[in-house]
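Engineer: This one is entry.cif, mmCIF, C-alpha atoms.
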data_final
#
loop_
_atom_site.group_PDB
_atom_site.id
_atom_site.type_symbol
_atom_site.label_atom_id
_atom_site.label_comp_id
_atom_site.auth_asym_id
_atom_site.auth_seq_id
_atom_site.Cartn_x
_atom_site.Cartn_y
_atom_site.Cartn_z
ATOM 1 C CA MET N 1 72.336 87.908 66.481
ATOM 2 C CA PRO N 2 75.541 89.251 64.928
ATOM 3 C CA PHE N 3 75.463 90.467 61.367
ATOM 4 C CA GLY N 4 78.420 91.894 59.489
ATOM 5 C CA ARG N 5 80.349 94.372 61.609
ATOM 6 C CA HIS N 6 77.490 94.948 64.044
ATOM 7 C CA PHE N 7 77.194 93.342 67.447
ATOM 8 C CA GLY N 8 74.374 91.696 69.278
ATOM 9 C CA LEU N 9 73.426 90.613 72.762
ATOM 10 C CA VAL N 10 73.107 87.013 73.928
ATOM 11 C CA ILE N 11 71.080 86.241 77.057
ATOM 12 C CA SER N 12 70.962 82.777 78.570
ATOM 13 C CA ARG N 13 68.942 81.797 81.631
ATOM 14 C CA THR N 14 69.238 78.779 83.922
ATOM 15 C CA GLN N 15 67.696 77.999 87.285
ATOM 16 C CA ARG N 16 70.803 79.273 89.060
ATOM 17 C CA MET N 17 71.730 82.376 87.100
ATOM 18 C CA THR N 18 71.260 84.588 84.045
ATOM 19 C CA TYR N 19 74.153 85.115 81.644
ATOM 20 C CA MET N 20 74.458 88.104 79.310
ATOM 21 C CA ALA N 21 77.218 88.653 76.766
ATOM 22 C CA THR N 22 77.975 90.792 73.765
ATOM 23 C CA VAL N 23 78.839 89.326 70.381
ATOM 24 C CA ARG N 24 81.453 90.906 68.109
ATOM 25 C CA ALA N 25 81.595 93.881 70.423
ATOM 26 C CA SER N 26 84.214 96.583 70.096
ATOM 27 C CA GLU N 27 86.526 97.577 72.943
ATOM 28 C CA ASP N 28 84.103 100.221 74.200
ATOM 29 C CA CYS N 29 81.135 97.839 74.347
ATOM 30 C CA ARG N 30 81.872 95.920 77.532
ATOM 31 C CA PHE N 31 80.130 95.301 80.817
ATOM 32 C CA VAL N 32 81.484 96.377 84.195
ATOM 33 C CA CYS N 33 81.451 93.902 87.077
ATOM 34 C CA ALA N 34 79.555 95.295 90.087
ATOM 35 C CA ALA N 35 82.061 93.729 92.525
ATOM 36 C CA CYS N 36 85.557 94.094 91.066
ATOM 37 C CA PHE N 37 84.711 96.816 88.495
ATOM 38 C CA GLU N 38 86.641 95.038 85.740
ATOM 39 C CA ASN N 39 85.522 95.293 82.120
ATOM 40 C CA CYS N 40 84.302 91.999 80.679
ATOM 41 C CA TRP N 41 82.467 90.661 77.629
ATOM 42 C CA GLY N 42 79.927 88.712 79.655
ATOM 43 C CA VAL N 43 78.305 89.038 83.096
ATOM 44 C CA HIS N 44 76.291 86.729 85.351
ATOM 45 C CA ARG N 45 73.389 87.484 87.694
ATOM 46 C CA LEU N 46 72.770 84.825 90.322
ATOM 47 C CA HIS N 47 69.187 83.791 91.052
ATOM 48 C CA GLY N 48 67.642 86.129 93.600
ATOM 49 C CA ASP N 49 70.417 88.704 93.210
ATOM 50 C CA THR N 50 70.402 92.044 91.400
ATOM 51 C CA ALA N 51 74.128 92.528 90.819
ATOM 52 C CA TRP N 52 75.747 91.651 87.503
ATOM 53 C CA LEU N 53 79.120 90.037 88.112
ATOM 54 C CA CYS N 54 82.020 88.914 85.952
ATOM 55 C CA PRO N 55 82.483 85.124 85.654
ATOM 56 C CA ARG N 56 85.155 85.063 88.353
ATOM 57 C CA CYS N 57 83.168 87.070 90.926
ATOM 58 C CA ALA N 58 79.987 85.126 90.125
ATOM 59 C CA ASP N 59 81.836 81.865 90.751
ATOM 60 C CA MET N 60 83.212 83.186 94.044
ATOM 61 C CA LYS N 61 79.772 84.306 95.267
ATOM 62 C CA ASP N 62 78.166 81.065 94.102
ATOM 63 C CA ASN N 63 80.681 79.201 96.275
ATOM 64 C CA GLY N 64 80.074 81.307 99.373
ATOM 65 C CA LEU N 65 83.082 83.613 98.949
ATOM 66 C CA ALA N 66 83.088 87.403 98.943
ATOM 67 C CA PRO N 67 83.415 88.663 95.349
ATOM 68 C CA GLY N 68 85.672 91.549 94.513
ATOM 69 C CA PRO N 69 89.179 92.407 93.362
ATOM 70 C CA ARG N 70 91.616 89.549 93.925
ATOM 71 C CA ARG N 71 94.959 91.240 94.191
ATOM 72 C CA PHE N 72 98.308 89.615 94.840
ATOM 73 C CA PRO N 73 99.587 92.454 97.083
ATOM 74 C CA THR N 74 103.040 91.073 97.770
ATOM 75 C CA GLN N 75 103.784 89.930 94.235
ATOM 76 C CA PRO N 76 106.022 92.373 92.367
ATOM 77 C CA SER N 77 104.843 93.832 89.085
ATOM 78 C CA ARG N 78 106.939 91.324 87.175
ATOM 79 C CA GLN N 79 107.078 87.613 86.510
ATOM 80 C CA LEU N 80 108.198 85.641 89.561
ATOM 81 C CA ARG N 81 111.641 84.110 89.362
ATOM 82 C CA VAL N 82 112.538 80.476 89.928
ATOM 83 C CA GLY N 83 113.755 80.036 93.501
ATOM 84 C CA GLU N 84 111.626 82.795 95.033
ATOM 85 C CA GLN N 85 109.493 81.754 98.004
ATOM 86 C CA LEU N 86 105.857 82.441 98.792
ATOM 87 C CA ARG N 87 103.648 81.858 101.803
ATOM 88 C CA SER N 88 100.030 80.675 101.770
ATOM 89 C CA PRO N 89 97.713 79.184 104.411
ATOM 90 C CA ALA N 90 98.930 75.759 103.210
ATOM 91 C CA GLY N 91 102.605 76.469 103.912
ATOM 92 C CA VAL N 92 105.763 77.869 102.330
ATOM 93 C CA TRP N 93 106.259 77.327 98.587
ATOM 94 C CA THR N 94 109.183 77.695 96.203
ATOM 95 C CA VAL N 95 108.767 78.752 92.578
ATOM 96 C CA THR N 96 110.227 75.849 90.588
ATOM 97 C CA SER N 97 108.916 76.875 87.154
ATOM 98 C CA SER N 98 107.848 80.226 85.718
ATOM 99 C CA LYS N 99 106.546 80.948 82.233
ATOM 100 C CA ARG N 100 104.031 83.044 80.294
ATOM 101 C CA VAL N 101 101.278 81.285 78.371
ATOM 102 C CA PRO N 102 98.409 82.572 76.192
ATOM 103 C CA THR N 103 94.960 82.238 77.785
ATOM 104 C CA ARG N 104 91.459 83.080 76.563
ATOM 105 C CA GLU N 105 89.365 85.211 78.895
ATOM 106 C CA ASP N 106 86.174 87.136 78.145
ATOM 107 C CA GLY N 107 86.510 86.315 74.477
ATOM 108 C CA ALA N 108 89.988 87.743 74.071
ATOM 109 C CA ILE N 109 93.513 86.325 74.142
ATOM 110 C CA HIS N 110 95.671 87.361 77.097
ATOM 111 C CA HIS N 111 99.058 86.269 78.379
ATOM 112 C CA ALA N 112 99.221 85.019 81.955
ATOM 113 C CA CYS N 113 102.098 83.824 84.113
ATOM 114 C CA MET N 114 101.953 80.137 84.998
ATOM 115 C CA TYR N 115 103.953 78.862 87.942
ATOM 116 C CA VAL N 116 104.808 75.483 89.359
ATOM 117 C CA LEU N 117 105.050 75.843 93.141
ATOM 118 C CA THR N 118 106.663 73.197 95.330
ATOM 119 C CA ARG N 119 105.861 73.031 99.020
ATOM 120 C CA GLU N 120 108.386 72.172 101.723
ATOM 121 C CA ASP N 121 107.111 68.583 101.835
ATOM 122 C CA GLY N 122 107.722 68.150 98.092
ATOM 123 C CA HIS N 123 104.092 68.561 96.998
ATOM 124 C CA ALA N 124 103.876 70.546 93.732
ATOM 125 C CA GLU N 125 100.972 72.525 92.256
ATOM 126 C CA GLU N 126 100.502 74.635 89.121
ATOM 127 C CA TRP N 127 98.993 78.098 89.563
ATOM 128 C CA ARG N 128 98.080 80.990 87.305
ATOM 129 C CA GLY N 129 99.329 84.374 88.531
ATOM 130 C CA PRO N 130 95.916 86.156 88.724
ATOM 131 C CA ASP N 131 94.531 83.291 90.853
ATOM 132 C CA MET N 132 97.229 83.519 93.542
ATOM 133 C CA ALA N 133 95.402 85.854 95.936
ATOM 134 C CA ASP N 134 96.343 83.709 98.940
ATOM 135 C CA PHE N 135 100.047 83.551 98.068
ATOM 136 C CA HIS N 136 102.405 86.244 99.320
ATOM 137 C CA LEU N 137 105.985 86.765 98.261
ATOM 138 C CA ILE N 138 108.443 86.298 101.121
ATOM 139 C CA PRO N 139 110.937 89.171 101.118
ATOM 140 C CA THR N 140 114.498 88.021 100.513
ATOM 141 C CA GLY N 141 117.567 89.346 102.255
ATOM 142 C CA PHE N 142 115.488 90.813 105.107
ATOM 143 C CA GLU N 143 113.985 93.450 102.833
ATOM 144 C CA HIS N 144 111.258 93.921 105.429
ATOM 145 C CA ILE N 145 113.749 95.515 107.839
ATOM 146 C CA THR N 146 114.267 99.230 107.230
ATOM 147 C CA ARG N 147 116.147 101.978 109.032
ATOM 148 C CA ALA N 148 112.829 103.513 110.109
ATOM 149 C CA ARG N 149 111.720 100.259 111.729
ATOM 150 C CA CYS N 150 115.041 99.954 113.550
ATOM 151 C CA ASN N 151 114.579 103.493 114.886
ATOM 152 C CA GLU N 152 111.046 102.573 115.914
ATOM 153 C CA LEU N 153 112.331 99.638 117.967
ATOM 154 C CA GLY N 154 114.947 101.788 119.692
ATOM 155 C CA ALA N 155 112.330 104.407 120.573
ATOM 156 C CA ALA N 156 109.968 101.720 121.917
ATOM 157 C CA LEU N 157 112.670 100.184 124.141
ATOM 158 C CA THR N 158 113.545 103.615 125.511
ATOM 159 C CA ALA N 159 109.879 104.472 126.137
ATOM 160 C CA ALA N 160 109.499 101.211 128.086
ATOM 161 C CA GLY N 161 112.298 102.297 130.434
ATOM 162 C CA LEU N 162 114.807 99.714 129.188
ATOM 163 C CA SER N 163 118.485 100.281 128.604
ATOM 164 C CA TRP N 164 119.629 98.860 125.298
ATOM 165 C CA GLN N 165 122.288 98.839 122.620
ATOM 166 C CA ASP N 166 122.580 97.484 119.103
ATOM 167 C CA ASN N 167 125.465 95.879 117.252
ATOM 168 C CA GLY N 168 125.412 98.492 114.484
ATOM 169 C CA HIS N 169 124.376 96.177 111.645
ATOM 170 C CA GLN N 170 121.266 98.046 110.472
ATOM 171 C CA ASP N 171 122.606 97.918 106.917
ATOM 172 C CA THR N 172 122.939 94.106 107.095
ATOM 173 C CA PRO N 173 119.776 93.053 108.953
ATOM 174 C CA GLN N 174 120.663 89.339 108.849
ATOM 175 C CA ARG N 175 123.357 90.242 111.425
ATOM 176 C CA LEU N 176 121.284 92.819 113.314
ATOM 177 C CA GLU N 177 120.806 92.282 117.049
ATOM 178 C CA TYR N 178 119.659 94.438 119.939
ATOM 179 C CA THR N 179 120.465 93.774 123.588
ATOM 180 C CA ALA N 180 117.934 95.081 126.091
ATOM 181 C CA ILE N 181 118.386 94.979 129.868
ATOM 182 C CA GLY N 182 115.335 94.783 132.108
ATOM 183 C CA THR N 183 114.930 96.275 135.565
ATOM 184 C CA LEU N 184 115.915 92.961 137.167
ATOM 185 C CA GLY N 185 119.102 92.775 135.150
ATOM 186 C CA ARG N 186 117.822 90.168 132.705
ATOM 187 C CA HIS N 187 119.459 90.405 129.292
ATOM 188 C CA TRP N 188 117.245 90.052 126.240
ATOM 189 C CA SER N 189 118.373 89.572 122.658
ATOM 190 C CA VAL N 190 115.986 91.177 120.161
ATOM 191 C CA ARG N 191 116.346 90.234 116.497
ATOM 192 C CA PRO N 192 114.224 90.549 113.345
ATOM 193 C CA VAL N 193 112.504 87.378 112.236
ATOM 194 C CA PRO N 194 113.888 85.640 109.125
ATOM 195 C CA GLY N 195 112.247 86.451 105.829
ATOM 196 C CA SER N 196 110.651 82.981 105.724
ATOM 197 C CA ASP N 197 108.836 83.707 109.023
ATOM 198 C CA PHE N 198 107.724 87.213 108.093
ATOM 199 C CA ALA N 199 103.931 87.527 107.663
ATOM 200 C CA PRO N 200 103.127 90.141 104.975
ATOM 201 C CA ARG N 201 99.612 90.640 106.349
ATOM 202 C CA GLN N 202 101.102 91.773 109.680
ATOM 203 C CA PRO N 203 104.060 93.879 108.524
ATOM 204 C CA SER N 204 104.674 95.482 111.925
ATOM 205 C CA ASN N 205 105.169 92.097 113.622
ATOM 206 C CA LEU N 206 108.805 91.376 112.857
ATOM 207 C CA TRP N 207 110.694 91.351 116.169
ATOM 208 C CA GLN N 208 111.340 88.483 118.581
ATOM 209 C CA ALA N 209 112.997 88.659 121.991
ATOM 210 C CA VAL N 210 114.949 85.804 123.616
ATOM 211 C CA CYS N 211 116.253 85.535 127.159
ATOM 212 C CA THR N 212 118.628 82.701 128.032
ATOM 213 C CA VAL N 213 118.486 82.883 131.857
ATOM 214 C CA PRO N 214 115.807 81.907 132.613
ATOM 215 C CA PRO N 215 114.851 80.609 129.138
ATOM 216 C CA GLN N 216 112.118 82.746 127.616
ATOM 217 C CA ARG N 217 111.095 83.477 124.021
ATOM 218 C CA SER N 218 108.510 85.999 122.917
ATOM 219 C CA PRO N 219 106.079 85.592 120.020
ATOM 220 C CA VAL N 220 106.775 87.611 116.867
ATOM 221 C CA LEU N 221 105.629 91.094 117.853
ATOM 222 C CA SER N 222 105.686 94.729 116.819
ATOM 223 C CA ALA N 223 108.349 97.074 118.217
ATOM 224 C CA ARG N 224 106.044 98.504 120.895
ATOM 225 C CA ALA N 225 104.658 95.080 121.844
ATOM 226 C CA VAL N 226 108.083 93.436 122.172
ATOM 227 C CA ALA N 227 109.292 96.311 124.372
ATOM 228 C CA GLU N 228 106.218 95.918 126.602
ATOM 229 C CA TYR N 229 106.761 92.146 126.687
ATOM 230 C CA ILE N 230 110.321 92.605 127.974
ATOM 231 C CA ARG N 231 109.276 95.258 130.479
ATOM 232 C CA GLU N 232 106.452 93.161 131.958
ATOM 233 C CA LEU N 233 108.682 90.100 132.424
ATOM 234 C CA SER N 234 111.412 92.203 133.942
ATOM 235 C CA GLU N 235 109.314 93.654 136.754
#
Can I see the file as structure tokens?

Structural biologist:
Amino acid sequence: MPFGRHFGLVISRTQRMTYMATVRASEDCRFVCAACFENCWGVHRLHGDTAWLCPRCADMKDNGLAPGPRRFPTQPSRQLRVGEQLRSPAGVWTVTSSKRVPTREDGAIHHACMYVLTREDGHAEEWRGPDMADFHLIPTGFEHITRARCNELGAALTAAGLSWQDNGHQDTPQRLEYTAIGTLGRHWSVRPVPGSDFAPRQPSNLWQAVCTVPPQRSPVLSARAVAEYIRELSE
């Protein structure tokens, strides 16, 4: 039990888990989660397990999820702005409210970003920034198109034996378009997908080819795959 400026250890056991926490501990008297390696004031050990986990990882494992770091890889290191769009398995969302609020975690006060996200169908939800592992920021202004990726597409079209030309708008990707001609004389228009259709987990898949006669549209593919797609349908 705590006394004066000293600290103690509290252990609580239930049928499902054991909880251990420090009391009045200093900054250097913390536990380390075995899954995400974060410092925390208290750790849980699930029944039948040997690993001590932070409350978040313990909750994930208790619900059948894989514990570990929950990063938001496509969120910038700043507070999201109102109007920015994100993608999750449930659809495309727009940030309609963004603010920082004080929260208590592991016995200490922290400041977290709270967002109100509105889906395309009008459904709105409130989310805390650290919990948004399944949300990915959609690049704006075709930020996912770079000069290197344009060069990669040109090299892939050439390697596939296709003649091609571009309209010279690499610096303004929203107007960028490539024209590739297959061996049968079919003309294909190759363009980068819009930012709202870009999948951050598959960053190389950002090109789509369209042929008007006969009508044909490719899936969203990488540079090499879209060149092979055109070549195979042109033979």

Engineer: Quick one: of N:Arg30, N:Arg56, N:Lys99, N:Arg231, who's nearest to Arg81 of chain N, counting all atoms listed in the file?

Structural biologist: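 With all atoms listed in the file as the atom set, the closest residue is N:Lys99.
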
Engineer: Applied to the shown file, which residues does the PyMOL selection byres ((chain N and resi 180) around 9) return, written as a ChimeraX atom specification?

Structural biologist: /N:157,162-166,178-179,181-182,186-190,227,230

Engineer: Could you tell me how far atom CA of Gln170 of chain N sits from atom CA of Pro219 of chain N, in Å to one decimal place?

Structural biologist: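 Value for the atom CA of Pro219 of chain N-atom CA of Gln170 of chain N distance: 21.8 Å.
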
Engineer: Check which residues satisfy the PyMOL selection byres ((chain N and resi 224) around 10) in the file shown, then give them as number ranges by chain.

Structural biologist: N: 152-157, 159-160, 204-205, 207, 221-223, 225-229

Engineer: Using all atoms listed in the file, which protein or nucleic acid residues come within 7 Å of Phe31 of chain N? Drop anything in the same chain fewer than 6 positions from it, and give the result as an MDAnalysis selection string.

Structural biologist: chainID N and resid 39:43

Engineer: What does the distance from atom CA of Cys54 of chain N to atom CA of His136 of chain N come to in Å, to one decimal?

Structural biologist: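 If I compute the distance from atom CA of Cys54 of chain N to atom CA of His136 of chain N, I get 24.5 Å.
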
Engineer: With 6 Å added on each side, what axis-aligned box encloses every listed atom of segment 108-119 of chain N? Give the centre and edge lengths in Å to one decimal, as lines of an AutoDock Vina configuration file.

Structural biologist:
center_x = 98.3
center_y = 80.4
center_z = 86.5
size_x = 28.7
size_y = 26.7
size_z = 36.9

Engineer: What is the atom CA of Met114 of chain N to atom CA of Pro194 of chain N distance in Å?

Structural biologist: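 These two atoms are separated by 27.5 Å.
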
Engineer: Where does the PyMOL selection byres ((chain N and resi 116-127) around 9) land in this file, that is, which residues does it pick, as a PyMOL selection string?

Structural biologist: chain N and resi 85-86+90-98+113-115+128-132

Engineer: Which residue gives the smallest distance to Leu206 of chain N among N:Arg78, N:Arg175, N:Arg191, N:His111, with only C-alpha atoms counted?

Structural biologist: N:Arg191

Engineer: For a quick check of understanding, using only C-alpha atoms, which of N:Thr183, N:Pro67, N:Gln216, N:Thr14 has the smallest distance to Phe37 of chain N?

Structural biologist: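 The shortest atom-to-atom distance to Phe37 of chain N comes from N:Pro67.
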
Engineer: For a quick check of understanding, using all atoms listed in the file, which of N:Val193, N:Cys211, N:Ala51, N:Leu137 has the smallest distance to Leu80 of chain N?

Structural biologist: N:Leu137

Engineer: What's the 10 Å shell around Gly68 of chain N, counting only C-alpha atoms, without same-chain residues fewer than 3 positions away, as a PDB file with C-alpha atoms, in the coordinates of the input?

Structural biologist:
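out-v1.pdb written:
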ATOM      1  CA  CYS N  33      81.451  93.902  87.077  1.00  0.00           C
ATOM      2  CA  ALA N  34      79.555  95.295  90.087  1.00  0.00           C
ATOM      3  CA  ALA N  35      82.061  93.729  92.525  1.00  0.00           C
ATOM      4  CA  CYS N  36      85.557  94.094  91.066  1.00  0.00           C
ATOM      5  CA  PHE N  37      84.711  96.816  88.495  1.00  0.00           C
ATOM      6  CA  GLU N  38      86.641  95.038  85.740  1.00  0.00           C
ATOM      7  CA  LEU N  53      79.120  90.037  88.112  1.00  0.00           C
ATOM      8  CA  CYS N  54      82.020  88.914  85.952  1.00  0.00           C
ATOM      9  CA  ARG N  56      85.155  85.063  88.353  1.00  0.00           C
ATOM     10  CA  CYS N  57      83.168  87.070  90.926  1.00  0.00           C
ATOM     11  CA  ALA N  58      79.987  85.126  90.125  1.00  0.00           C
ATOM     12  CA  MET N  60      83.212  83.186  94.044  1.00  0.00           C
ATOM     13  CA  LYS N  61      79.772  84.306  95.267  1.00  0.00           C
ATOM     14  CA  LEU N  65      83.082  83.613  98.949  1.00  0.00           C
ATOM     15  CA  ARG N  71      94.959  91.240  94.191  1.00  0.00           C
TER      16      ARG N  71
END
